[in-house]
Amino acid sequence: MTRAQYLWAALGLVMIGVSLISARGNIGHVFKAEPDFLLGLSLSISTIFFTKAFSRSGIASAVHHIHEPSDPNVAAALDVAVGQRLHAMGLHENIALLSRDIAVAGKRINEFYDLQAMDPRFHATAPLLRVALTDIDDALAIVSRVAERIGTAEVNQVYRIPDAMKSHLNDALRDVREASARRNESYESLRAQIAGVAVDDLWGVFAVLTSDTLKAQRDLESLASRTVQTVPADRIAVLQGYLEASLLRLENVTELIRERGLAEPHTLQIVGQDLRRAQVKLARALQLGTDEHATGEQPAGEAASSEQPTTEPGPAAP
């Protein structure tokens, strides 16, 4: 009950009390003389007050239904009204634009990352870009959840990583991180054996090895987070291509080191071991993801286009 309703109820009780007090002593005589008048008047006034007390005005009733929409029809009407208001405010269009801009920002950073990944010394600044890419994926996931709740269409689809895949992805990520760290040590060891600036096949192939390893680490860190912008199974397939290309480049680097009579860093063998272990764990994760889809879980939308691993050495120099 509202404050006004309590007031009307109190006035009704006061009126009854005043009537009883006023008629005290001779109420019987009055009632005998004019019973209809006295009884009707008292009951009429009390009825007015109690009617005011226990009934709501149109506005009060509407506010009550808004705060406590127990009737499904009221709840449906409220949803329609809220949707129309959000549309009139332009919120749906702005959410769609925000989703598109976040996705485009992630694409631009990925392109910059791919360009810089050919530099053997890029490992010093790459972690900052990978953190930025993970933050962008998280931001896009939040926008997608908001869009879903308010009914906004035409937003970039995101995909949630199945729980069954996460442990294997995290294990593979640790192996790829170790492989990347050992690659960095191998680079410094080889660079110390050559005076001046070296631009030849060895460094070209080593640059491609660096590129594919860093791309694999970037995609694995993205997969190990909560959501991604591509179908997880498709992203893992691209990752396997990066790892396979890295192992092939590693063999080429080893051959070129022997041809030039350089001392082969022992850390290169560790790079290969870590990458092969990561391949096995990715295969397990992909199998779990395939089994989960087979049980009825469908991706949230169509898969976006995926990048392909680098397969040709470039002219980059250390």
# chains A, B, ... in the order shown; residues from 1 in each chain; ligands from 1

call {"tool": "residues_around", "arguments": {"residues": "A:Ala181", "least_positions_apart": "4", "cutoff": "9 Å", "atoms": "only C-alpha atoms", "output": "JSON list (two decimals) with N, CA and C atoms, in the first residue's frame"}}
result
[["chain", "number", "residue", "atom", "x", "y", "z"],
["A", 123, "HIS", "N", 60.04, -10.70, -30.45],
["A", 123, "HIS", "CA", 59.56, -11.35, -29.22],
["A", 123, "HIS", "C", 59.59, -10.40, -28.03],
["A", 176, "VAL", "N", 54.21, -24.23, -26.35],
["A", 176, "VAL", "CA", 54.55, -23.26, -27.40],
["A", 176, "VAL", "C", 55.32, -22.09, -26.80],
["A", 177, "ARG", "N", 54.96, -21.67, -25.60],
["A", 177, "ARG", "CA", 55.71, -20.59, -24.95],
["A", 177, "ARG", "C", 57.15, -21.01, -24.69],
["A", 185, "GLU", "N", 66.55, -17.90, -27.50],
["A", 185, "GLU", "CA", 67.91, -18.22, -27.08],
["A", 185, "GLU", "C", 68.74, -18.73, -28.26],
["A", 186, "SER", "N", 68.12, -19.52, -29.12],
["A", 186, "SER", "CA", 68.85, -20.03, -30.30],
["A", 186, "SER", "C", 69.26, -18.89, -31.22],
["A", 271, "VAL", "N", 63.23, -26.81, -28.99],
["A", 271, "VAL", "CA", 62.13, -26.17, -29.73],
["A", 271, "VAL", "C", 61.29, -27.22, -30.44]]

call {"tool": "closest_residue", "arguments": {"among": "A:Asn252, A:Ala10, A:Ala224, A:Glu259", "to": "A:His168", "atoms": "only C-alpha atoms"}}
result
A:Ala224

call {"tool": "residues_around", "arguments": {"residues": "A:Asn156", "least_positions_apart": "6", "cutoff": "10 Å", "atoms": "only C-alpha atoms", "output": "list in words"}}
result
Ala96, Leu97, Leu98, Ser99, Arg100, Asp101, Ile102, Ala103, Leu140, Ala141, Val143, Ser144, Ala147, Gln229, Gly301 and Ala304 of chain A

call {"tool": "atom_distance", "arguments": {"atom1": "atom CA of A:Arg145", "atom2": "atom CA of A:Asp219"}}
result
22.4 Å

call {"tool": "closest_residue", "arguments": {"among": "A:Arg108, A:Arg149, A:Lys166, A:Arg277", "to": "A:Ala132", "atoms": "only C-alpha atoms"}}
result
A:Arg108

call {"tool": "atom_distance", "arguments": {"atom1": "atom CA of A:Ile136", "atom2": "atom CA of A:Leu243"}}
result
24.4 Å

call {"tool": "residues_around", "arguments": {"residues": "stretch 43-53 of chain A", "least_positions_apart": "3", "cutoff": "7 Å", "atoms": "only C-alpha atoms", "output": "count of residues only"}}
result
10

call {"tool": "closest_residue", "arguments": {"among": "A:Ala105, A:Ala207, A:Ile257, A:Leu13", "to": "A:Phe122", "atoms": "only C-alpha atoms"}}
result
A:Ala207

call {"tool": "closest_residue", "arguments": {"among": "A:Ala88, A:Ile270, A:Val228, A:Leu220", "to": "A:Asp171", "atoms": "only C-alpha atoms"}}
result
A:Leu220

call {"tool": "closest_residue", "arguments": {"among": "A:Glu221, A:Glu264, A:Asp274, A:Asp163", "to": "A:Leu288", "atoms": "only C-alpha atoms"}}
result
A:Asp163
